[in-house]
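> model26.txt (compact mmCIF, C-alpha atoms and all ligand atoms) pasted underneath:
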# COMPACT_ATOMS: atom_id res chain seq x y z
CA MET A 1105 44.47 125.97 106.75
CA LYS A 1106 41.00 127.51 106.51
CA TYR A 1107 40.13 129.92 109.39
CA ASP A 1108 43.82 130.07 110.32
CA ARG A 1109 43.37 127.16 112.72
CA THR A 1110 46.35 125.25 114.09
CA TYR A 1111 46.94 121.54 113.87
CA ASN A 1112 46.06 120.71 117.44
CA PHE A 1113 47.66 117.52 118.73
CA SER A 1114 46.02 117.78 122.15
CA ALA A 1115 45.17 114.57 124.01
CA GLY A 1116 41.84 116.09 124.96
CA PRO A 1117 39.76 118.15 124.62
CA ALA A 1118 40.83 117.74 121.05
CA MET A 1119 40.01 118.66 117.47
CA MET A 1120 36.54 118.22 116.05
CA PRO A 1121 35.72 117.83 112.34
CA GLU A 1122 35.63 121.24 110.69
CA ALA A 1123 32.43 120.37 108.83
CA VAL A 1124 30.74 119.75 112.19
CA LEU A 1125 31.97 123.03 113.69
CA GLU A 1126 30.62 124.87 110.66
CA GLU A 1127 27.20 123.30 111.05
CA ILE A 1128 27.14 124.17 114.73
CA ARG A 1129 28.09 127.73 113.87
CA ASP A 1130 25.32 127.97 111.30
CA GLU A 1131 22.74 126.74 113.80
CA MET A 1132 24.00 128.79 116.72
CA MET A 1133 21.51 131.68 116.77
CA ASN A 1134 18.43 129.83 115.67
CA TYR A 1135 18.36 126.06 115.57
CA ARG A 1136 16.27 125.04 112.55
CA GLY A 1137 13.52 127.59 113.09
CA SER A 1138 13.11 126.89 116.81
CA GLY A 1139 13.98 130.52 117.53
CA MET A 1140 16.73 129.56 119.94
CA CYS A 1141 20.17 128.06 120.31
CA VAL A 1142 20.40 124.44 121.49
CA MET A 1143 22.14 125.77 124.63
CA GLU A 1144 18.97 127.67 125.51
CA MET A 1145 16.58 124.81 124.93
CA SER A 1146 14.65 122.77 127.50
CA HIS A 1147 15.91 119.22 127.56
CA ARG A 1148 12.26 118.14 127.65
CA SER A 1149 11.28 120.10 124.55
CA LYS A 1150 10.25 118.18 121.44
CA VAL A 1151 13.12 119.68 119.49
CA PHE A 1152 15.76 118.59 121.95
CA MET A 1153 14.23 115.16 122.54
CA GLN A 1154 14.55 114.63 118.81
CA ILE A 1155 18.22 115.68 118.88
CA ALA A 1156 18.95 113.24 121.72
CA ALA A 1157 17.00 110.37 120.15
CA GLU A 1158 18.80 110.83 116.83
CA ALA A 1159 22.18 110.97 118.56
CA GLU A 1160 21.48 107.64 120.21
CA GLN A 1161 20.09 106.09 117.03
CA ASP A 1162 23.07 107.23 114.93
CA LEU A 1163 25.52 105.87 117.50
CA ARG A 1164 23.65 102.56 117.52
CA GLU A 1165 23.91 102.33 113.74
CA LEU A 1166 27.58 103.36 113.67
CA MET A 1167 28.67 100.75 116.21
CA GLY A 1168 26.01 98.16 115.48
CA ILE A 1169 24.89 98.18 119.10
CA PRO A 1170 22.60 95.20 119.79
CA GLU A 1171 19.06 95.76 121.11
CA ASN A 1172 19.86 94.36 124.54
CA TYR A 1173 22.33 97.14 125.25
CA LYS A 1174 21.40 100.55 126.65
CA VAL A 1175 23.14 103.74 125.54
CA LEU A 1176 23.53 106.32 128.32
CA PHE A 1177 24.78 109.91 128.27
CA VAL A 1178 26.22 110.60 131.72
CA GLN A 1179 27.91 113.69 133.15
CA GLY A 1180 31.04 113.61 135.28
CA GLY A 1181 33.37 112.87 132.39
CA GLY A 1182 35.60 109.84 132.41
CA THR A 1183 36.66 110.05 136.04
CA LEU A 1184 33.17 109.46 137.44
CA GLN A 1185 33.02 106.21 135.50
CA PHE A 1186 35.90 104.79 137.55
CA ALA A 1187 33.59 104.86 140.58
CA MET A 1188 30.36 104.21 138.74
CA VAL A 1189 31.60 100.96 137.17
CA ALA A 1190 32.69 99.61 140.57
CA MET A 1191 29.59 100.81 142.42
CA ASN A 1192 27.29 99.15 139.91
CA LEU A 1193 29.14 96.01 138.89
CA LEU A 1194 31.27 95.03 141.88
CA LYS A 1195 29.04 92.93 144.11
CA ASP A 1196 30.41 90.52 146.69
CA GLY A 1197 33.05 89.07 144.38
CA THR A 1198 36.32 90.28 142.91
CA ALA A 1199 36.90 92.93 140.28
CA CYS A 1200 39.82 92.02 138.01
CA TYR A 1201 41.85 94.84 136.49
CA VAL A 1202 44.55 94.89 133.84
CA GLU A 1203 47.03 97.62 134.73
CA THR A 1204 48.45 99.25 131.62
CA GLY A 1205 49.08 102.86 132.65
CA THR A 1206 47.82 106.01 134.26
CA TRP A 1207 44.13 105.59 133.53
CA SER A 1208 43.86 101.96 134.57
CA LYS A 1209 45.77 102.83 137.76
CA LYS A 1210 43.19 105.49 138.55
CA ALA A 1211 40.37 103.06 137.87
CA ILE A 1212 41.97 100.49 140.19
CA ALA A 1213 42.44 102.99 143.02
CA GLU A 1214 38.80 104.06 142.79
CA ALA A 1215 37.41 100.51 142.61
CA LYS A 1216 39.31 99.53 145.76
CA LYS A 1217 36.97 101.80 147.73
CA TYR A 1218 34.04 99.59 146.82
CA GLY A 1219 35.26 96.04 147.17
CA ASN A 1220 37.77 93.37 146.38
CA VAL A 1221 40.14 94.23 143.52
CA LYS A 1222 42.72 92.00 141.89
CA VAL A 1223 45.28 93.17 139.35
CA VAL A 1224 45.44 90.20 136.97
CA ALA A 1225 48.13 91.57 134.65
CA SER A 1226 50.38 94.61 134.54
CA SER A 1227 52.95 96.27 132.32
CA LYS A 1228 54.39 98.29 135.18
CA ASP A 1229 57.74 96.48 134.91
CA LYS A 1230 58.48 98.30 131.67
CA ASN A 1231 56.95 101.67 132.43
CA PHE A 1232 53.67 100.78 130.76
CA THR A 1233 55.20 100.72 127.28
CA TYR A 1234 53.40 97.52 126.28
CA VAL A 1235 50.17 95.58 126.76
CA PRO A 1236 50.58 92.35 128.74
CA ASP A 1237 49.54 88.99 127.36
CA CYS A 1238 45.95 88.48 128.51
CA SER A 1239 45.26 85.12 126.87
CA ASP A 1240 45.41 83.11 130.11
CA LEU A 1241 44.72 85.37 133.09
CA ASP A 1242 44.30 84.01 136.58
CA ILE A 1243 40.65 84.94 136.96
CA PRO A 1244 38.98 83.83 140.19
CA GLU A 1245 35.63 82.05 140.12
CA ASP A 1246 33.94 84.93 141.97
CA CYS A 1247 35.11 87.54 139.43
CA ASP A 1248 32.41 90.19 138.86
CA TYR A 1249 34.12 91.73 135.83
CA VAL A 1250 37.44 92.14 134.02
CA TYR A 1251 38.38 95.76 133.37
CA ILE A 1252 40.72 97.20 130.77
CA CYS A 1253 41.65 100.66 129.56
CA GLU A 1254 41.62 99.75 125.90
CA ASN A 1255 43.80 102.64 124.79
CA GLU A 1256 46.13 104.26 127.33
CA THR A 1257 46.14 107.90 126.30
CA ILE A 1258 49.24 108.88 128.26
CA ASN A 1259 51.40 105.85 127.56
CA GLY A 1260 50.35 105.44 123.92
CA THR A 1261 49.48 101.75 123.94
CA THR A 1262 46.40 99.89 122.78
CA PHE A 1263 44.88 96.40 123.04
CA ASN A 1264 44.91 94.72 119.64
CA THR A 1265 43.46 91.55 121.15
CA LEU A 1266 40.86 91.64 123.89
CA PRO A 1267 41.62 89.65 127.07
CA ASN A 1268 40.31 86.14 127.45
CA THR A 1269 37.96 86.78 130.37
CA LYS A 1270 37.04 83.09 130.70
CA GLY A 1271 33.38 83.87 130.41
CA LYS A 1272 33.38 86.82 132.78
CA ILE A 1273 32.09 90.26 131.86
CA LEU A 1274 34.51 92.57 130.04
CA VAL A 1275 34.41 96.29 130.91
CA SER A 1276 36.37 98.70 128.73
CA ASP A 1277 37.39 102.34 129.01
CA GLN A 1278 37.45 103.35 125.34
CA SER A 1279 37.79 107.10 125.97
CA SER A 1280 40.74 107.77 123.71
CA MET A 1281 39.82 105.32 120.94
CA PHE A 1282 36.03 105.52 120.88
CA LEU A 1283 34.74 105.27 117.30
CA SER A 1284 38.26 105.09 115.88
CA LYS A 1285 37.63 101.61 114.44
CA PRO A 1286 34.85 99.02 114.20
CA CYS A 1287 33.86 97.52 117.54
CA ASN A 1288 32.02 94.27 118.26
CA VAL A 1289 29.88 95.50 121.14
CA SER A 1290 28.69 92.05 122.16
CA ASP A 1291 32.26 91.17 123.22
CA TYR A 1292 31.71 93.53 126.15
CA GLY A 1293 29.37 93.85 129.11
CA LEU A 1294 30.04 97.56 129.37
CA ILE A 1295 31.91 100.10 127.26
CA TRP A 1296 32.34 103.65 128.39
CA ALA A 1297 34.08 106.66 126.88
CA GLY A 1298 34.63 110.25 127.92
CA VAL A 1299 33.66 112.10 124.75
CA GLN A 1300 36.22 114.93 124.76
CA LYS A 1301 39.00 112.82 123.26
CA ASN A 1302 37.53 111.52 120.07
CA VAL A 1303 34.03 112.94 119.75
CA GLY A 1304 32.87 116.25 121.17
CA PRO A 1305 32.78 118.81 123.99
CA ALA A 1306 34.04 117.76 127.45
CA GLY A 1307 31.80 116.94 130.37
CA MET A 1308 30.08 113.78 129.30
CA ALA A 1309 30.65 110.05 128.99
CA VAL A 1310 28.84 107.63 126.74
CA VAL A 1311 28.07 104.34 128.48
CA ILE A 1312 27.00 101.26 126.56
CA ILE A 1313 25.76 98.62 128.98
CA ARG A 1314 24.18 95.22 128.56
CA GLU A 1315 20.69 95.36 130.03
CA ASP A 1316 21.06 92.43 132.39
CA LEU A 1317 23.90 94.28 134.15
CA LEU A 1318 21.61 97.10 135.27
CA ARG A 1319 21.37 96.64 139.00
CA GLU A 1320 18.18 97.26 140.95
CA GLU A 1321 19.68 98.54 144.18
CA LEU A 1322 23.01 100.14 144.99
CA ASP A 1323 24.33 100.88 148.45
CA PRO A 1324 21.50 102.98 150.00
CA LYS A 1325 23.93 105.85 150.58
CA ALA A 1326 25.02 105.95 146.94
CA PRO A 1327 23.86 109.08 145.12
CA VAL A 1328 20.93 108.34 142.82
CA TYR A 1329 23.01 109.74 139.96
CA MET A 1330 25.55 106.91 140.36
CA SER A 1331 23.13 104.19 139.35
CA TYR A 1332 23.20 103.19 135.69
CA LYS A 1333 19.62 102.10 136.12
CA THR A 1334 18.59 105.68 136.99
CA HIS A 1335 19.90 106.80 133.62
CA ALA A 1336 18.61 103.79 131.70
CA ASP A 1337 15.08 104.08 133.10
CA ASN A 1338 14.90 107.76 132.20
CA ASP A 1339 16.54 107.78 128.74
CA SER A 1340 19.47 109.76 130.23
CA MET A 1341 17.03 112.51 131.27
CA TYR A 1342 16.64 111.80 134.97
CA ASN A 1343 18.02 115.29 135.46
CA THR A 1344 19.19 117.91 132.99
CA PRO A 1345 21.80 116.19 130.82
CA ASN A 1346 24.71 117.88 129.08
CA THR A 1347 22.48 119.02 126.23
CA TRP A 1348 25.23 120.84 124.39
CA SER A 1349 27.54 117.84 124.35
CA ILE A 1350 24.75 115.50 123.25
CA TYR A 1351 23.95 117.87 120.37
CA CYS A 1352 27.59 118.20 119.25
CA CYS A 1353 28.34 114.49 119.64
CA GLY A 1354 25.21 113.71 117.63
CA LYS A 1355 26.61 115.81 114.80
CA VAL A 1356 29.89 113.90 114.92
CA PHE A 1357 28.00 110.58 114.78
CA LYS A 1358 26.19 111.78 111.64
CA TYR A 1359 29.46 112.99 110.18
CA LEU A 1360 31.10 109.59 110.74
CA LYS A 1361 28.16 107.89 109.07
CA SER A 1362 28.45 110.26 106.12
CA ILE A 1363 32.10 109.43 105.46
CA GLY A 1364 31.45 105.69 105.42
CA GLY A 1365 31.33 104.70 109.09
CA LEU A 1366 33.92 103.11 111.33
CA GLU A 1367 35.54 100.93 108.63
CA GLU A 1368 36.44 104.05 106.69
CA MET A 1369 37.50 105.89 109.86
CA PHE A 1370 39.79 102.99 110.76
CA LYS A 1371 41.33 103.06 107.29
CA ARG A 1372 42.11 106.73 107.64
CA ASN A 1373 43.44 106.38 111.19
CA LEU A 1374 45.70 103.52 110.16
CA GLU A 1375 47.04 105.56 107.28
CA LYS A 1376 47.77 108.57 109.51
CA ALA A 1377 49.47 106.50 112.21
CA THR A 1378 51.54 104.61 109.63
CA ILE A 1379 52.86 107.89 108.24
CA LEU A 1380 53.95 109.12 111.67
CA TYR A 1381 55.35 105.85 113.06
CA GLY A 1382 57.02 105.21 109.72
CA PHE A 1383 58.90 108.46 110.05
CA LEU A 1384 59.78 107.85 113.71
CA ASP A 1385 61.14 104.39 112.88
CA SER A 1386 63.36 105.83 110.16
CA SER A 1387 64.56 108.78 112.23
CA LYS A 1388 67.91 108.85 114.00
CA LEU A 1389 66.81 111.59 116.38
CA PHE A 1390 63.25 110.64 117.35
CA LYS A 1391 62.13 107.35 118.81
CA ALA A 1392 58.64 106.00 119.41
CA THR A 1393 58.36 104.75 123.00
CA ALA A 1394 55.64 102.09 122.84
CA ASN A 1395 56.24 98.45 121.96
CA PRO A 1396 55.63 98.25 118.16
CA GLU A 1397 52.87 95.57 118.45
CA ASP A 1398 50.94 97.62 121.00
CA ARG A 1399 51.22 101.07 119.50
CA SER A 1400 48.18 103.29 119.78
CA LEU A 1401 46.79 104.66 116.52
CA MET A 1402 45.50 107.67 118.46
CA ASN A 1403 48.25 108.77 120.85
CA VAL A 1404 51.74 108.61 119.40
CA CYS A 1405 54.38 108.94 122.14
CA PHE A 1406 57.98 109.64 121.19
CA ASN A 1407 61.10 111.47 122.32
CA THR A 1408 64.63 112.49 121.40
CA GLY A 1409 66.18 110.98 124.52
CA SER A 1410 67.02 114.46 125.82
CA ASP A 1411 64.61 116.56 127.91
CA GLU A 1412 66.21 119.78 126.66
CA LEU A 1413 65.87 118.79 123.04
CA ASP A 1414 62.26 117.64 123.60
CA ALA A 1415 61.51 121.09 125.02
CA GLU A 1416 63.13 122.66 121.98
CA VAL A 1417 60.92 120.60 119.69
CA VAL A 1418 57.82 121.77 121.56
CA ALA A 1419 58.85 125.43 121.34
CA ALA A 1420 59.74 125.20 117.65
CA SER A 1421 56.53 123.32 116.85
CA LYS A 1422 54.45 126.15 118.31
CA LYS A 1423 56.20 128.62 116.06
CA ALA A 1424 55.52 126.36 113.11
CA GLY A 1425 51.77 126.39 113.79
CA PHE A 1426 51.26 123.19 115.78
CA ASP A 1427 50.01 122.89 119.32
CA ASN A 1428 50.05 120.51 122.28
CA LEU A 1429 52.95 118.26 121.29
CA LYS A 1430 54.31 118.09 124.80
CA GLY A 1431 54.09 114.65 126.42
CA HIS A 1432 52.10 114.19 129.61
CA ARG A 1433 53.85 115.53 132.69
CA SER A 1434 54.14 112.00 134.11
CA THR A 1435 56.02 110.57 131.10
CA GLY A 1436 57.78 113.61 129.64
CA GLY A 1437 58.85 113.50 126.00
CA LEU A 1438 56.52 114.25 123.14
CA ARG A 1439 53.07 113.05 122.18
CA ALA A 1440 50.98 113.65 119.08
CA SER A 1441 47.35 112.76 119.57
CA ILE A 1442 45.94 112.10 116.14
CA TYR A 1443 42.29 111.37 116.79
CA ASN A 1444 39.58 110.94 114.17
CA ALA A 1445 39.33 114.67 113.44
CA MET A 1446 43.05 115.20 112.78
CA PRO A 1447 43.36 115.39 108.99
CA LYS A 1448 46.05 113.43 107.17
CA GLU A 1449 47.49 116.78 106.07
CA GLY A 1450 48.13 117.62 109.73
CA VAL A 1451 50.16 114.45 110.22
CA GLU A 1452 52.08 115.04 106.99
CA ALA A 1453 52.84 118.60 108.04
CA LEU A 1454 54.06 117.36 111.44
CA VAL A 1455 56.36 114.81 109.81
CA ALA A 1456 57.77 117.49 107.50
CA PHE A 1457 58.41 119.70 110.51
CA LEU A 1458 60.11 116.91 112.49
CA LYS A 1459 62.28 116.00 109.48
CA ASP A 1460 63.33 119.58 109.19
CA PHE A 1461 64.11 119.79 112.89
CA GLU A 1462 66.24 116.67 112.62
CA GLU A 1463 68.14 118.08 109.63
CA ASN A 1464 68.97 121.19 111.64
CA HIS A 1465 70.12 119.24 114.68
CA LYS A 1466 72.69 116.91 113.21
C1 LIG M 1 40.96 111.39 129.60
C2 LIG M 1 40.73 110.02 130.02
C3 LIG M 1 39.99 109.72 131.18
C4 LIG M 1 39.46 110.77 132.13
O1 LIG M 1 38.54 111.62 131.57
P1 LIG M 1 37.99 112.91 132.32
O2 LIG M 1 36.79 113.26 131.53
O3 LIG M 1 39.06 113.95 132.30
O4 LIG M 1 37.65 112.52 133.71
C5 LIG M 1 39.80 108.39 131.49
N1 LIG M 1 40.29 107.41 130.71
C6 LIG M 1 41.00 107.66 129.60
C7 LIG M 1 41.52 106.53 128.78
C8 LIG M 1 41.25 108.97 129.22
O5 LIG M 1 41.97 109.22 128.11
In structure tokens, how does this file's structure come out?
Ligand SMILES: *Cc1c(COP(=O)(O)O)cnc(C)c1O

Amino acid sequence: MKYDRTYNFSAGPAMMPEAVLEEIRDEMMNYRGSGMCVMEMSHRSKVFMQIAAEAEQDLRELMGIPENYKVLFVQGGGTLQFAMVAMNLLKDGTACYVETGTWSKKAIAEAKKYGNVKVVASSKDKNFTYVPDCSDLDIPEDCDYVYICENETINGTTFNTLPNTKGKILVSDQSSMFLSKPCNVSDYGLIWAGVQKNVGPAGMAVVIIREDLLREELDPKAPVYMSYKTHADNDSMYNTPNTWSIYCCGKVFKYLKSIGGLEEMFKRNLEKATILYGFLDSSKLFKATANPEDRSLMNVCFNTGSDELDAEVVAASKKAGFDNLKGHRSTGGLRASIYNAMPKEGVEALVAFLKDFEENHK
């Protein structure tokens, strides 16, 4: 591989497109004649305002975001959104959560601090290896929103069908699948995504929120930063935003447009995942852990059934030039995160390595 880089299967922060990294490198010392690096630039300067405006515009075009939705760039990563969603959208009613793994559990725990929470479906009974049927949930009349983690990064499952919310607002954590396939934004009231999984540098979340959900007043003790309206009213520049992440994410948005947008990205992601799951399904040693209908295209969880052998795979994979194949500490086993920026060649090389490993462990 060029630059002697490894195929990095990290769940996040994760790989970025090489073409984007090269552009960033080329602009590092002097961004387009400004005489400075983007890191050194005032967020209120004309040059940076242009960078931020283009990032938003490109994202709007990529996802087809309707006019009545705001796009916000918020710091605090994904975790802050667990609280922010509840603080802004949970009023005097009930927040309904679908529990599908680690990240929805965290969201539920956080929301409970702010009001009434009901878990309307769960896949806990089978260790979060599937997505429950959400076609007829028991949603109370006073439901403020229905919340899902659309792709569970740690458990390797994904929603192929959105829940029937019975007219209530759908909120989705898309962190580990953001921009991996076309998305019909108007199906949602709010979409948020930590960017370090599938887009750019850590430390920021993109929030896409329908305008009528922006709330005038939060609890008077709530930090001003926690209000979506603060960010919406100030074009995400109420305070100094994560300028570097906005700049890098903007480049990734342009890159995705240049390759043909989300349809093309989806095609490539499907192809990559099919190669890897295809091998796992044919293997006698390795087994994919998620229910076949609910398999994530981004986070492929698998194991050998033996902790010792899993550890051997991880060690051998490092020697072979791969990185971060170890499963999350809560699930064990192995996990290959194959986000947008993982090239098909990386997946093919991984499959060749796993085949070889299997041959040598008969
Ligand atoms: C990583 C992740 C988060 C948390 O993101 P942080 O930026 O580390 O707080 C939340 N949800 C999902 C689905 C994730 O993959």
> Enclose the full set of atoms of ligand LIG 1 (chain M) listed in the file within a box whose edges lie along x, y and z, apply 4 Å of padding to each of the six sides, and report centre and edge lengths in Å to one decimal as AutoDock Vina command-line options.

--center_x 39.4 --center_y 110.2 --center_z 130.9 --size_x 13.2 --size_y 15.4 --size_z 13.6
> Would you mind telling me which residue in A:Pro1305, A:Gly1197, A:Gly1431, A:Gly1139 lies nearest to ligand LIG 1 (chain M) when using only C-alpha atoms and all ligand atoms?
A:Pro1305
> To one decimal in Å, tell me the separation between atom CA of Ser1290 of chain A and atom CA of Leu1318 of chain A.
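Atom-to-atom, atom CA of Ser1290 of chain A to atom CA of Leu1318 of chain A, that is 15.7 Å.
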> Residues contacting ligand LIG 1 (chain M) - anything with an atom at most 6 Å away, using all atoms listed in the file - can you give me those as a PyMOL selection string?
chain A and resi 1181-1183+1207+1253+1256-1257+1277+1279-1280+1298
> Keeping C-alpha atoms for every residue in the selection just given, could you write it to a file as a PDB file, keeping the file's coordinate frame?

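Below is the file result.pdb, written as the result:
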ATOM      1  CA  GLY A1181      33.370 112.870 132.390  1.00  0.00           C
ATOM      2  CA  GLY A1182      35.600 109.840 132.410  1.00  0.00           C
ATOM      3  CA  THR A1183      36.660 110.050 136.040  1.00  0.00           C
ATOM      4  CA  TRP A1207      44.130 105.590 133.530  1.00  0.00           C
ATOM      5  CA  CYS A1253      41.650 100.660 129.560  1.00  0.00           C
ATOM      6  CA  GLU A1256      46.130 104.260 127.330  1.00  0.00           C
ATOM      7  CA  THR A1257      46.140 107.900 126.300  1.00  0.00           C
ATOM      8  CA  ASP A1277      37.390 102.340 129.010  1.00  0.00           C
ATOM      9  CA  SER A1279      37.790 107.100 125.970  1.00  0.00           C
ATOM     10  CA  SER A1280      40.740 107.770 123.710  1.00  0.00           C
ATOM     11  CA  GLY A1298      34.630 110.250 127.920  1.00  0.00           C
TER      12      GLY A1298
END
> In Å, rounded to a single decimal, give me how far atom CA of Leu1454 of chain A is from atom CA of Leu1374 of chain A.
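It comes out at 16.2 Å.
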> Could you build a table of the residues in segment 1237-1286 of chain A lying no more than 6 Å from segment 1399-1402 of chain A, giving for each the nearest pair of atoms and their separation in Å rounded to one decimal place, using only C-alpha atoms, ordered by chain and ascending residue number, as a Markdown table?

| residue | atom | partner | partner_atom | distance |
| --- | --- | --- | --- | --- |
| A:Gly1260 | CA | A:Ser1400 | CA | 5.1 |
| A:Thr1261 | CA | A:Ser1400 | CA | 4.6 |
| A:Thr1262 | CA | A:Ser1400 | CA | 4.9 |
> Go ahead and compute the interatomic distance for atom CA of Ala1123 of chain A and atom CA of Gln1278 of chain A, in Å to one decimal.
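Straight-line distance from atom CA of Ala1123 of chain A to atom CA of Gln1278 of chain A works out to 24.2 Å.
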> Considering only C-alpha atoms, can you say which of A:Gly1354, A:Gly1271, A:Gly1307, A:Pro1345 comes closest to Gln1161 of chain A?
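Ranking A:Gly1354, A:Gly1271, A:Gly1307, A:Pro1345 by distance to Gln1161 of chain A, first place goes to A:Gly1354.
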> Compile the contact shell of Cys1238 of chain A as a PyMOL selection string: residues with an atom at most 9 Å away, counting all atoms listed in the file, same-chain residues fewer than 4 positions apart removed.
chain A and resi 1202+1224-1225+1265-1269
> Would you pick out the contacts of segment 1308-1312 of chain A at 9 Å or less, using only C-alpha atoms, so that residues sharing its chain but fewer than 3 positions from it are not included, and give the list as a PyMOL selection string?
chain A and resi 1169+1173-1182+1184-1185+1279+1289+1293-1300+1304-1305+1332+1345-1346+1349-1350
> Name the residues in contact with Asn1220 of chain A at a cut-off of 8 Å, using all atoms listed in the file, excluding same-chain residues fewer than 2 positions from it; report them as number ranges by chain.
A: 1196-1199, 1216, 1218, 1222
> For Ile1258 of chain A, work out the shell of residues within 10 Å, counting all atoms listed in the file and skipping chain neighbours fewer than 4 positions away, then give it as a list of chain:residue names.
A:Ala1115, A:Gly1205, A:Thr1206, A:Trp1207, A:Phe1232, A:Ser1280, A:Asn1403, A:Val1404, A:Cys1405, A:Gly1431, A:His1432, A:Arg1433, A:Ser1434, A:Thr1435, A:Gly1436, A:Arg1439, A:Ser1441
> Would you export the selected residues with C-alpha atoms as a compact mmCIF listing (two decimals), keeping the file's coordinate frame, please?

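Contents of part_39.txt, as written:
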# COMPACT_ATOMS: atom_id res chain seq x y z
CA ALA A 1115 45.17 114.57 124.01
CA GLY A 1205 49.08 102.86 132.65
CA THR A 1206 47.82 106.01 134.26
CA TRP A 1207 44.13 105.59 133.53
CA PHE A 1232 53.67 100.78 130.76
CA SER A 1280 40.74 107.77 123.71
CA ASN A 1403 48.25 108.77 120.85
CA VAL A 1404 51.74 108.61 119.40
CA CYS A 1405 54.38 108.94 122.14
CA GLY A 1431 54.09 114.65 126.42
CA HIS A 1432 52.10 114.19 129.61
CA ARG A 1433 53.85 115.53 132.69
CA SER A 1434 54.14 112.00 134.11
CA THR A 1435 56.02 110.57 131.10
CA GLY A 1436 57.78 113.61 129.64
CA ARG A 1439 53.07 113.05 122.18
CA SER A 1441 47.35 112.76 119.57
> So which residues touch Lys1355 of chain A within 12 Å, counting all atoms listed in the file, skipping near sequence neighbours fewer than 3 positions away, as a ChimeraX atom specification?
/A:1120-1128,1131,1155-1156,1158-1163,1303-1305,1348-1352,1358-1362
> Which one of A:Glu1214, A:Glu1245, A:Glu1203, A:Asp1108 sits closest to Asn1231 of chain A if you count all atoms listed in the file?
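When distances to Asn1231 of chain A are compared using all atoms listed in the file, the smallest one comes from A:Glu1203.
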> Given the choices A:Pro1396, A:Leu1389, A:Ala1440, A:Asp1242, which gets closest to Phe1461 of chain A if the distance is worked out from all atoms listed in the file?
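That would be A:Leu1389, the residue with the smallest distance to Phe1461 of chain A.
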